[in-house]
>>> print(open('my_file.cif').read())   # mmCIF, C-alpha atoms and all ligand atoms
data_entry
loop_
_atom_site.label_atom_id
_atom_site.label_comp_id
_atom_site.auth_asym_id
_atom_site.auth_seq_id
_atom_site.Cartn_x
_atom_site.Cartn_y
_atom_site.Cartn_z
CA MET A 13 84.13 128.79 114.57
CA THR A 14 83.35 127.32 111.20
CA THR A 15 85.11 125.00 108.80
CA PHE A 16 86.34 126.04 105.36
CA ARG A 17 86.56 123.88 102.25
CA ILE A 18 89.91 123.85 100.47
CA ARG A 19 89.01 121.07 98.03
CA ASP A 20 86.33 118.40 97.96
CA GLY A 21 87.22 116.26 100.96
CA VAL A 22 89.82 118.70 102.27
CA GLU A 23 88.65 121.02 105.03
CA TRP A 24 90.24 123.61 107.32
CA VAL A 25 89.11 122.62 110.81
CA GLY A 26 91.39 124.88 112.86
CA VAL A 27 90.73 127.71 115.27
CA MET A 28 91.41 131.44 115.28
CA ASP A 29 93.11 132.86 118.37
CA TRP A 30 92.32 136.54 117.94
CA ASP A 31 93.43 137.55 121.42
CA ARG A 32 96.83 135.94 121.85
CA ARG A 33 99.52 138.59 122.10
CA LEU A 34 102.62 136.57 122.94
CA PHE A 35 104.04 133.29 121.71
CA ASP A 36 106.58 131.27 123.68
CA GLU A 37 106.38 134.19 126.14
CA LEU A 38 108.73 135.93 123.73
CA ILE A 39 107.26 136.68 120.32
CA PRO A 40 104.75 139.54 120.02
CA LEU A 41 101.58 138.64 118.13
CA PRO A 42 100.00 141.98 117.20
CA ASP A 43 97.45 140.24 114.97
CA GLY A 44 96.76 137.09 116.99
CA THR A 45 97.30 133.76 115.32
CA SER A 46 95.54 130.63 114.17
CA TYR A 47 96.16 126.95 114.82
CA ASN A 48 95.37 125.27 111.55
CA ALA A 49 94.21 121.68 111.51
CA TYR A 50 92.97 120.01 108.34
CA LEU A 51 90.68 117.10 107.63
CA VAL A 52 91.35 114.96 104.56
CA LYS A 53 88.58 112.53 103.71
CA GLY A 54 89.19 109.85 101.11
CA SER A 55 86.68 107.34 99.80
CA GLN A 56 87.89 104.80 102.37
CA GLN A 57 89.71 106.53 105.18
CA THR A 58 89.96 109.86 106.95
CA ALA A 59 92.98 111.72 108.30
CA LEU A 60 93.25 114.68 110.63
CA LEU A 61 96.36 116.74 110.00
CA ASP A 62 97.60 118.29 113.25
CA THR A 63 95.49 119.53 116.13
CA VAL A 64 95.19 122.85 117.96
CA ASP A 65 96.48 124.58 121.08
CA PRO A 66 94.98 122.71 124.05
CA PRO A 67 92.78 125.58 125.35
CA PHE A 68 90.88 125.31 122.04
CA ALA A 69 90.46 121.54 122.07
CA GLU A 70 86.69 121.67 122.31
CA VAL A 71 86.52 123.98 119.31
CA LEU A 72 88.40 121.40 117.26
CA PHE A 73 85.99 118.67 118.35
CA GLU A 74 83.04 120.89 117.45
CA GLN A 75 84.59 121.49 114.04
CA LEU A 76 84.94 117.75 113.47
CA ALA A 77 81.42 117.07 114.73
CA SER A 78 80.01 119.72 112.38
CA LEU A 79 81.43 117.69 109.49
CA GLY A 80 79.97 114.48 110.85
CA VAL A 81 83.35 112.95 111.65
CA GLU A 82 82.82 109.88 113.82
CA ARG A 83 85.99 108.00 113.00
CA LEU A 84 89.56 108.97 112.24
CA ASP A 85 91.92 106.45 110.70
CA TYR A 86 95.01 108.63 110.87
CA VAL A 87 96.13 111.65 112.81
CA VAL A 88 99.18 113.23 111.24
CA ALA A 89 101.53 115.13 113.55
CA HIS A 90 103.84 117.19 111.38
CA HIS A 91 105.42 118.80 114.43
CA ALA A 92 105.66 118.03 118.14
CA GLU A 93 105.28 121.60 119.44
CA GLN A 94 102.24 121.78 121.65
CA ASP A 95 100.36 124.48 119.75
CA HIS A 96 99.75 121.70 117.20
CA SER A 97 100.27 118.55 119.20
CA GLY A 98 98.92 119.45 122.63
CA THR A 99 95.44 118.19 121.87
CA LEU A 100 96.68 114.86 120.51
CA PRO A 101 96.12 112.89 123.73
CA GLU A 102 92.46 113.83 123.77
CA VAL A 103 92.07 113.26 120.02
CA MET A 104 93.61 109.81 120.36
CA ARG A 105 91.34 109.05 123.30
CA ARG A 106 88.18 110.10 121.47
CA PHE A 107 89.15 108.36 118.23
CA PRO A 108 90.43 104.97 119.42
CA ASP A 109 90.93 103.59 115.88
CA ALA A 110 93.24 106.40 114.84
CA VAL A 111 96.92 105.79 114.16
CA LEU A 112 99.31 108.65 114.92
CA VAL A 113 101.58 109.32 111.93
CA CYS A 114 104.87 111.16 112.43
CA THR A 115 108.60 110.97 111.84
CA PRO A 116 110.67 108.63 113.99
CA LYS A 117 112.19 111.61 115.79
CA ALA A 118 108.74 113.09 116.45
CA LYS A 119 107.65 109.84 118.05
CA GLY A 120 110.29 110.25 120.73
CA MET A 121 109.49 113.92 121.26
CA LEU A 122 105.72 113.38 121.38
CA SER A 123 106.23 110.56 123.84
CA ASP A 124 108.38 112.79 126.04
CA LEU A 125 106.02 115.74 125.89
CA LEU A 126 102.62 114.10 125.91
CA GLU A 127 103.08 110.57 127.18
CA LEU A 128 101.27 109.05 124.21
CA PRO A 129 101.18 105.24 124.14
CA ALA A 130 103.84 103.73 121.88
CA ASP A 131 101.43 101.33 120.17
CA ARG A 132 99.39 104.16 118.65
CA PHE A 133 102.28 105.46 116.50
CA LEU A 134 103.08 104.82 112.85
CA THR A 135 106.45 106.35 112.00
CA VAL A 136 106.99 107.18 108.35
CA ASP A 137 110.15 107.35 106.28
CA ASP A 138 110.94 110.25 104.01
CA GLY A 139 108.76 109.84 100.90
CA ALA A 140 106.33 107.34 102.44
CA THR A 141 102.65 107.54 101.50
CA ILE A 142 99.30 106.56 102.90
CA GLN A 143 96.26 105.95 100.74
CA LEU A 144 92.91 107.26 101.92
CA GLY A 145 90.99 106.26 98.80
CA GLY A 146 91.47 108.66 95.91
CA LYS A 147 93.65 110.79 98.13
CA THR A 148 97.34 110.06 98.65
CA LEU A 149 99.30 111.75 101.39
CA ARG A 150 103.04 111.80 100.78
CA PHE A 151 105.25 112.58 103.76
CA ILE A 152 108.46 114.51 103.23
CA HIS A 153 110.95 114.83 106.04
CA PHE A 154 111.83 118.48 106.42
CA PRO A 155 113.68 118.94 109.73
CA TRP A 156 113.98 122.29 111.47
CA VAL A 157 110.73 123.92 110.41
CA HIS A 158 110.72 124.61 113.31
CA TRP A 159 112.04 121.79 115.49
CA PRO A 160 114.28 118.89 114.42
CA GLU A 161 111.44 116.36 114.07
CA THR A 162 109.30 118.19 111.54
CA MET A 163 107.94 116.90 108.26
CA VAL A 164 105.58 118.26 105.62
CA SER A 165 102.98 116.38 103.61
CA PHE A 166 101.67 116.66 100.07
CA LEU A 167 98.20 115.63 99.02
CA GLU A 168 99.02 114.42 95.56
CA GLU A 169 95.65 114.35 93.79
CA ASP A 170 94.66 117.79 95.08
CA ARG A 171 98.15 119.29 94.91
CA VAL A 172 97.91 120.74 98.40
CA LEU A 173 101.09 121.10 100.48
CA PHE A 174 100.77 120.98 104.26
CA PRO A 175 104.12 122.45 105.30
CA CYS A 176 103.72 122.57 109.06
CA ASP A 177 105.09 125.86 110.47
CA LEU A 178 106.89 126.66 107.21
CA PHE A 179 105.26 129.40 105.10
CA GLY A 180 102.99 130.31 108.03
CA SER A 181 102.10 133.61 109.61
CA HIS A 182 100.75 134.67 112.96
CA LEU A 183 97.56 136.23 111.73
CA ALA A 184 93.97 135.70 112.81
CA GLN A 185 91.34 136.47 110.22
CA SER A 186 87.72 135.50 109.83
CA ASN A 187 88.38 133.49 106.68
CA PRO A 188 91.63 131.49 106.46
CA MET A 189 91.03 131.23 102.73
CA GLY A 190 90.95 135.01 102.31
CA GLU A 191 93.00 137.11 99.95
CA TYR A 192 96.76 136.78 100.51
CA GLY A 193 97.71 140.41 100.07
CA PRO A 194 100.67 142.66 100.99
CA CYS A 195 99.66 142.84 104.66
CA THR A 196 99.64 139.06 104.83
CA LEU A 197 103.11 138.98 103.35
CA VAL A 198 104.36 141.39 106.04
CA ALA A 199 102.91 139.07 108.68
CA ALA A 200 104.61 136.15 106.95
CA LYS A 201 107.94 138.00 106.95
CA ARG A 202 107.60 138.80 110.65
CA TYR A 203 106.88 135.10 111.25
CA TYR A 204 109.83 134.05 109.09
CA ALA A 205 112.12 136.37 111.07
CA GLU A 206 110.98 135.10 114.43
CA ILE A 207 110.46 131.40 113.73
CA MET A 208 112.29 130.31 110.60
CA MET A 209 115.32 132.59 110.19
CA PRO A 210 117.47 130.71 112.73
CA PHE A 211 117.10 127.64 110.48
CA ARG A 212 117.82 129.40 107.20
CA ALA A 213 120.58 127.01 106.18
CA MET A 214 118.44 123.92 106.80
CA ILE A 215 115.51 125.40 104.89
CA GLN A 216 117.79 126.29 101.98
CA LYS A 217 119.03 122.70 101.97
CA ASN A 218 115.61 121.06 102.02
CA LEU A 219 113.52 123.50 100.00
CA PRO A 220 114.31 121.79 96.68
CA LYS A 221 112.44 118.72 97.97
CA ILE A 222 109.19 120.62 97.81
CA GLU A 223 110.04 122.99 94.96
CA ALA A 224 109.86 119.96 92.70
CA LEU A 225 106.21 119.32 93.60
CA PRO A 226 103.29 120.60 91.49
CA ILE A 227 101.86 122.63 94.38
CA GLU A 228 98.64 124.55 93.79
CA THR A 229 97.76 125.40 97.40
CA ILE A 230 99.84 125.78 100.56
CA ALA A 231 98.05 125.05 103.82
CA PRO A 232 100.39 125.95 106.69
CA SER A 233 99.84 125.39 110.39
CA HIS A 234 99.46 129.10 111.18
CA GLY A 235 97.79 131.90 109.26
CA PRO A 236 96.08 132.03 105.90
CA VAL A 237 95.99 129.27 103.32
CA VAL A 238 98.01 130.38 100.31
CA GLN A 239 96.21 129.94 97.01
CA ARG A 240 99.04 131.34 94.91
CA PRO A 241 102.09 129.40 96.12
CA ALA A 242 104.55 131.47 94.10
CA VAL A 243 103.80 134.50 96.29
CA ILE A 244 105.13 132.94 99.45
CA MET A 245 107.72 130.69 97.84
CA ASP A 246 109.30 133.57 95.95
CA ALA A 247 109.30 135.64 99.13
CA TYR A 248 111.05 132.82 100.99
CA ARG A 249 113.66 132.50 98.26
CA ASP A 250 114.39 136.19 98.71
CA TRP A 251 114.50 136.05 102.52
CA LEU A 252 116.63 132.92 102.50
CA ALA A 253 119.14 134.30 99.99
CA ASP A 254 122.68 134.60 101.33
CA ALA A 255 123.22 138.15 100.10
CA PRO A 256 121.90 140.85 102.45
CA ARG A 257 120.51 144.14 101.23
CA ASN A 258 121.94 147.62 101.45
CA LEU A 259 120.35 148.13 104.86
CA ALA A 260 121.75 148.99 108.28
CA VAL A 261 119.73 148.31 111.42
CA VAL A 262 120.45 150.63 114.32
CA ALA A 263 119.12 149.25 117.59
CA TYR A 264 119.62 151.55 120.53
CA THR A 265 118.50 152.99 123.78
CA SER A 266 119.52 156.20 125.45
CA MET A 267 119.17 157.40 129.03
CA HIS A 268 120.28 161.03 128.83
CA HIS A 269 120.32 161.71 125.05
CA SER A 270 124.05 161.27 124.40
CA THR A 271 123.61 157.90 122.68
CA ARG A 272 120.48 159.18 120.91
CA HIS A 273 122.51 162.11 119.57
CA MET A 274 125.11 159.67 118.24
CA VAL A 275 122.43 157.49 116.66
CA ARG A 276 120.80 160.42 114.90
CA HIS A 277 124.14 161.59 113.59
CA LEU A 278 125.05 158.14 112.30
CA VAL A 279 121.64 157.52 110.73
CA ASP A 280 121.80 160.86 108.90
CA ALA A 281 125.35 160.13 107.77
CA LEU A 282 124.37 156.70 106.46
CA ALA A 283 121.35 158.08 104.63
CA ALA A 284 123.51 160.78 103.05
CA ARG A 285 125.79 158.04 101.75
CA GLY A 286 122.96 156.03 100.18
CA VAL A 287 122.62 153.40 102.90
CA ALA A 288 119.05 152.55 103.89
CA VAL A 289 118.62 152.56 107.67
CA GLU A 290 116.01 151.33 110.10
CA GLN A 291 116.31 152.81 113.58
CA PHE A 292 114.74 151.09 116.60
CA ASP A 293 114.46 152.57 120.08
CA LEU A 294 114.62 149.45 122.22
CA ALA A 295 112.67 151.09 125.03
CA THR A 296 109.52 151.03 122.91
CA VAL A 297 110.36 148.68 120.03
CA ASP A 298 108.06 146.08 118.53
CA LEU A 299 110.58 143.25 118.40
CA GLY A 300 108.78 141.78 115.40
CA LYS A 301 109.62 144.89 113.37
CA LEU A 302 113.23 144.64 114.44
CA GLY A 303 113.15 141.01 113.33
CA ILE A 304 111.72 141.95 109.93
CA ALA A 305 114.53 144.44 109.39
CA LEU A 306 117.13 141.87 110.40
CA VAL A 307 115.96 139.56 107.60
CA ASP A 308 117.61 141.85 105.04
CA ALA A 309 120.18 143.92 106.94
CA ALA A 310 123.86 143.83 106.00
CA THR A 311 124.95 145.76 109.08
CA ILE A 312 123.76 145.79 112.68
CA VAL A 313 124.67 148.77 114.84
CA LEU A 314 124.15 148.37 118.58
CA ALA A 315 124.07 151.68 120.39
CA SER A 316 124.04 151.85 124.14
CA PRO A 317 124.89 153.96 127.14
CA THR A 318 127.03 152.28 129.78
CA VAL A 319 125.08 151.08 132.79
CA LEU A 320 126.95 149.80 135.84
CA GLY A 321 129.98 149.02 133.73
CA GLY A 322 128.24 147.28 130.85
CA ALA A 323 125.76 147.77 128.05
CA HIS A 324 122.19 148.77 128.85
CA PRO A 325 120.15 145.59 129.49
CA LEU A 326 117.74 146.45 126.67
CA VAL A 327 120.62 146.51 124.20
CA LEU A 328 122.03 143.30 125.62
CA TYR A 329 118.62 141.72 125.12
CA ALA A 330 118.45 142.89 121.51
CA ALA A 331 121.96 141.58 120.93
CA ALA A 332 121.10 138.20 122.42
CA LEU A 333 117.90 138.02 120.38
CA SER A 334 119.74 138.90 117.18
CA ASN A 335 122.35 136.28 118.00
CA ALA A 336 119.61 133.67 118.39
CA LEU A 337 117.73 134.65 115.22
CA LYS A 338 120.93 134.34 113.17
CA PRO A 339 120.26 136.94 110.48
CA LYS A 340 122.50 137.07 107.43
CA ALA A 341 124.20 140.35 108.43
CA ARG A 342 127.87 140.63 107.55
CA TYR A 343 128.96 143.59 109.66
CA ALA A 344 128.31 144.98 113.13
CA ALA A 345 129.37 148.00 115.11
CA VAL A 346 128.99 149.22 118.67
CA ILE A 347 128.55 152.88 119.45
CA GLY A 348 127.53 154.67 122.63
CA SER A 349 128.31 156.86 125.55
CA PHE A 350 130.01 156.15 128.84
CA GLY A 351 130.55 158.05 132.06
CA TRP A 352 133.67 156.57 133.58
CA GLY A 353 134.52 153.33 131.81
CA GLY A 354 133.26 149.82 131.24
CA LYS A 355 133.48 146.87 128.92
CA MET A 356 130.43 147.52 126.78
CA VAL A 357 132.08 146.81 123.42
CA ASP A 358 133.49 143.43 124.45
CA GLN A 359 130.24 142.51 126.15
CA LEU A 360 128.08 143.30 123.11
CA ALA A 361 130.53 141.76 120.66
CA GLY A 362 130.45 138.59 122.73
CA SER A 363 126.67 138.64 122.72
CA ILE A 364 126.54 138.39 118.92
CA ALA A 365 129.38 135.91 118.51
CA ALA A 366 127.20 133.40 116.63
CA LEU A 367 126.63 135.89 113.82
CA ARG A 368 130.28 135.72 112.76
CA VAL A 369 130.09 139.27 111.49
CA GLU A 370 133.01 141.56 110.84
CA LEU A 371 133.17 143.99 113.75
CA LEU A 372 133.70 147.54 112.59
CA GLU A 373 135.58 150.16 114.61
CA PRO A 374 133.46 151.15 117.64
CA VAL A 375 132.71 154.77 118.47
CA LEU A 376 132.45 155.67 122.15
CA ALA A 377 131.94 159.10 123.65
CA LYS A 378 132.74 160.12 127.20
CA GLY A 379 129.53 161.86 128.12
CA ALA A 380 127.98 163.79 125.25
CA PRO A 381 129.51 163.24 121.80
CA LYS A 382 131.96 165.98 120.75
CA ALA A 383 133.37 166.86 117.35
CA ALA A 384 135.88 164.01 117.48
CA GLU A 385 133.19 161.37 118.09
CA LEU A 386 130.89 162.83 115.46
CA ALA A 387 133.73 162.70 112.97
CA ALA A 388 134.34 159.07 113.99
CA LEU A 389 130.67 158.35 113.28
CA ASP A 390 131.09 159.89 109.84
CA ARG A 391 134.03 157.56 109.24
CA LEU A 392 131.93 154.62 110.42
CA ALA A 393 129.25 155.65 107.93
CA ASP A 394 131.91 155.82 105.21
CA THR A 395 133.03 152.30 106.08
CA ILE A 396 129.49 150.89 106.10
CA ALA A 397 128.66 152.56 102.77
CA GLN A 398 131.84 151.14 101.27
CA LYS A 399 131.10 147.65 102.64
CA HIS A 400 127.57 147.80 101.23
CA GLN A 401 128.67 148.63 97.71
CA GLY A 402 127.14 146.23 95.22
CA LEU A 403 124.41 144.98 97.57
CA ARG A 404 120.79 144.93 96.46
CA GLY A 405 118.62 147.89 97.42
CA ALA A 406 116.63 147.66 100.62
FE1 LIG A 501 103.46 126.43 115.49
FE2 LIG A 501 106.56 125.37 116.08
O1 LIG A 501 104.74 125.40 116.35
#
>>> encode(input="my_file.cif", output="structure tokens")
Amino acid sequence: MTTFRIRDGVEWVGVMDWDRRLFDELIPLPDGTSYNAYLVKGSQQTALLDTVDPPFAEVLFEQLASLGVERLDYVVAHHAEQDHSGTLPEVMRRFPDAVLVCTPKAKGMLSDLLELPADRFLTVDDGATIQLGGKTLRFIHFPWVHWPETMVSFLEEDRVLFPCDLFGSHLAQSNPMGEYGPCTLVAAKRYYAEIMMPFRAMIQKNLPKIEALPIETIAPSHGPVVQRPAVIMDAYRDWLADAPRNLAVVAYTSMHHSTRHMVRHLVDALAARGVAVEQFDLATVDLGKLGIALVDAATIVLASPTVLGGAHPLVLYAAALSNALKPKARYAAVIGSFGWGGKMVDQLAGSIAALRVELLEPVLAKGAPKAAELAALDRLADTIAQKHQGLRGA
């Protein structure tokens, strides 16, 4: 691993995790990830901003040694989650003069998670600063990016924002300072969907606190450093916006083709009516792609066969995941096939209760869909197209 210079006295000292394929045992990482730590060296004092996932602790210490770091005055913990904080105990042990800087809430969480000694902490109020000598770090409380204790920091003289998990992406690449192109933005949208979307309202509320800053570089805790802040900030404004797009997400599985037949009919009917559709077979889906589609979707259609009296477990899982991610969708519908009965509609509607969507008329077929059910799907497509009138294009 090598370090990368962001500005004079500001270095990326993180690690690339090319091989990780799952985060929180939940989130697929097709492109790996990085754990970004940064070193800020003033004329008088030195601060380390965040650490790395514990299995990579030695890499972090090698990075610091390669820069000749023998003393740290401050270690800033923007976030208590262990992919950034887990190496703190060892950092604090090896750098006995360092003070651990965090929000008051983070102090409690870090103490609970890592058993750090209370006398090593310096809790900072919203807007507080520390002076490193020609470099001023301003701390801005920004809860829920991605836990309640989070803050961001702004290096005033160099105009670098360190926004913690916000504006990040799960993407390993040989140079964290590389070009931030369209593929990077897709990775950032996947990350937004999986990590940030549940906290959309809190981000909307707090974003003005950093929009007022003269930011020239954004250095998040995962993924590439952003050298053109408007690229990611404009994208976030779009993803955070309350209005969904003219997009329906159809998430389904099918055991004997009846539900698949219904899905194909509905998707064709929606397309014919000018509604953009993304169709996901939950038996093979990349959940990250489903998440990306949910960022913009106005309607979610859950399509399932009945299994042992209820929805197929894969569809229940997708419903529960959607419920947790809290996309901005306004409408939802359940369609599917049953053999002899069941409570699939109530079960799936209950699974997405937190979305507070308008539930559209379900369409259920006994066995294979017949003319009556196909006509009902056409009416459902009519309803969705009518509901989507006036929405932005997908
Ligand atoms: Fe990358 Fe929420 O930790």
>>> residues_near_ligand(input="my_file.cif", ligand="ligand LIG 501 (chain A)", cutoff="10 Å", atoms="only C-alpha atoms and all ligand atoms", output="PyMOL selection string")
chain A and resi 35-36+45-48+64-65+90-97+156-159+162+176-178+180-182+207-208+232-234
>>> residues_around(input="my_file.cif", residues="region 240-243 of chain A", least_positions_apart="5", cutoff="9 Å", atoms="only C-alpha atoms", output="PyMOL selection string")
chain A and resi 192+197+227-230+248
>>> closest_residue(input="my_file.cif", among="A:Glu70, A:Glu191, A:Asp280, A:Glu290", to="Asn258 (chain A)", atoms="only C-alpha atoms")
A:Glu290
>>> atom_distance(input="my_file.cif", atom1="CA of Ala49 (chain A)", atom2="CA of Ile304 (chain A)")
26.8 Å
>>> closest_residue(input="my_file.cif", among="A:Pro40, A:Gly322, A:Gly120, A:Pro188", to="Gly303 (chain A)", atoms="all atoms listed in the file")
A:Pro40
>>> closest_residue(input="my_file.cif", among="A:Val52, A:Met163, A:Ala205, A:Ile18", to="Trp251 (chain A)", atoms="all atoms listed in the file")
A:Ala205
>>> residues_around(input="my_file.cif", residues="Leu38 (chain A)", least_positions_apart="5", cutoff="12 Å", atoms="all atoms listed in the file", output="count of residues only")
8
>>> closest_atom_pairs(input="my_file.cif", of="region 229-348 of chain A", to="region 359-365 of chain A", cutoff="6 Å", atoms="all atoms listed in the file", output="Markdown table")
| residue | atom | partner | partner_atom | distance |
| --- | --- | --- | --- | --- |
| A:Ala331 | CA | A:Ser363 | CA | 5.8 |
| A:Ala332 | CA | A:Ser363 | CA | 5.6 |
| A:Asn335 | CA | A:Ile364 | CA | 4.8 |
>>> atom_distance(input="my_file.cif", atom1="CA of Ile347 (chain A)", atom2="CA of Ser316 (chain A)")
6.6 Å
>>> closest_residue(input="my_file.cif", among="A:Ala344, A:Ala295, A:Ala288, A:Pro236", to="Val313 (chain A)", atoms="all atoms listed in the file")
A:Ala344
>>> closest_residue(input="my_file.cif", among="A:Glu385, A:Glu74, A:Glu127, A:Asp308", to="Leu259 (chain A)", atoms="all atoms listed in the file")
A:Asp308
>>> residues_around(input="my_file.cif", residues="Glu82 (chain A)", least_positions_apart="4", cutoff="12 Å", atoms="all atoms listed in the file", output="CSV table (one decimal) with C-alpha atoms, keeping the file's coordinate frame")
chain,number,residue,atom,x,y,z
A,53,LYS,CA,88.6,112.5,103.7
A,57,GLN,CA,89.7,106.5,105.2
A,58,THR,CA,90.0,109.9,107.0
A,59,ALA,CA,93.0,111.7,108.3
A,60,LEU,CA,93.2,114.7,110.6
A,73,PHE,CA,86.0,118.7,118.4
A,74,GLU,CA,83.0,120.9,117.4
A,75,GLN,CA,84.6,121.5,114.0
A,76,LEU,CA,84.9,117.8,113.5
A,77,ALA,CA,81.4,117.1,114.7
A,78,SER,CA,80.0,119.7,112.4
A,103,VAL,CA,92.1,113.3,120.0
A,106,ARG,CA,88.2,110.1,121.5
A,107,PHE,CA,89.2,108.4,118.2
A,108,PRO,CA,90.4,105.0,119.4
A,109,ASP,CA,90.9,103.6,115.9
A,110,ALA,CA,93.2,106.4,114.8
>>> axis_aligned_box(input="my_file.cif", around="region 177-183 of chain A", padding_each_side="5 Å", output="JSON")
{"center_x": 102.2, "center_y": 131.0, "center_z": 109.0, "size_x": 19.3, "size_y": 20.4, "size_z": 17.9}
>>> atom_distance(input="my_file.cif", atom1="CA of Met356 (chain A)", atom2="CA of Arg257 (chain A)")
27.6 Å
>>> closest_residue(input="my_file.cif", among="A:Pro66, A:Pro194, A:Pro220, A:Gly54", to="Leu149 (chain A)", atoms="all atoms listed in the file")
A:Gly54
>>> residues_around(input="my_file.cif", residues="Gly354 (chain A)", least_positions_apart="6", cutoff="9 Å", atoms="only C-alpha atoms", output="number ranges by chain")
A: 318-323
>>> write_last_selection(input="my_file.cif", atoms="C-alpha atoms", output="tab-separated table (two decimals), keeping the file's coordinate frame")
chain	number	residue	atom	x	y	z
A	318	THR	CA	127.03	152.28	129.78
A	319	VAL	CA	125.08	151.08	132.79
A	320	LEU	CA	126.95	149.80	135.84
A	321	GLY	CA	129.98	149.02	133.73
A	322	GLY	CA	128.24	147.28	130.85
A	323	ALA	CA	125.76	147.77	128.05
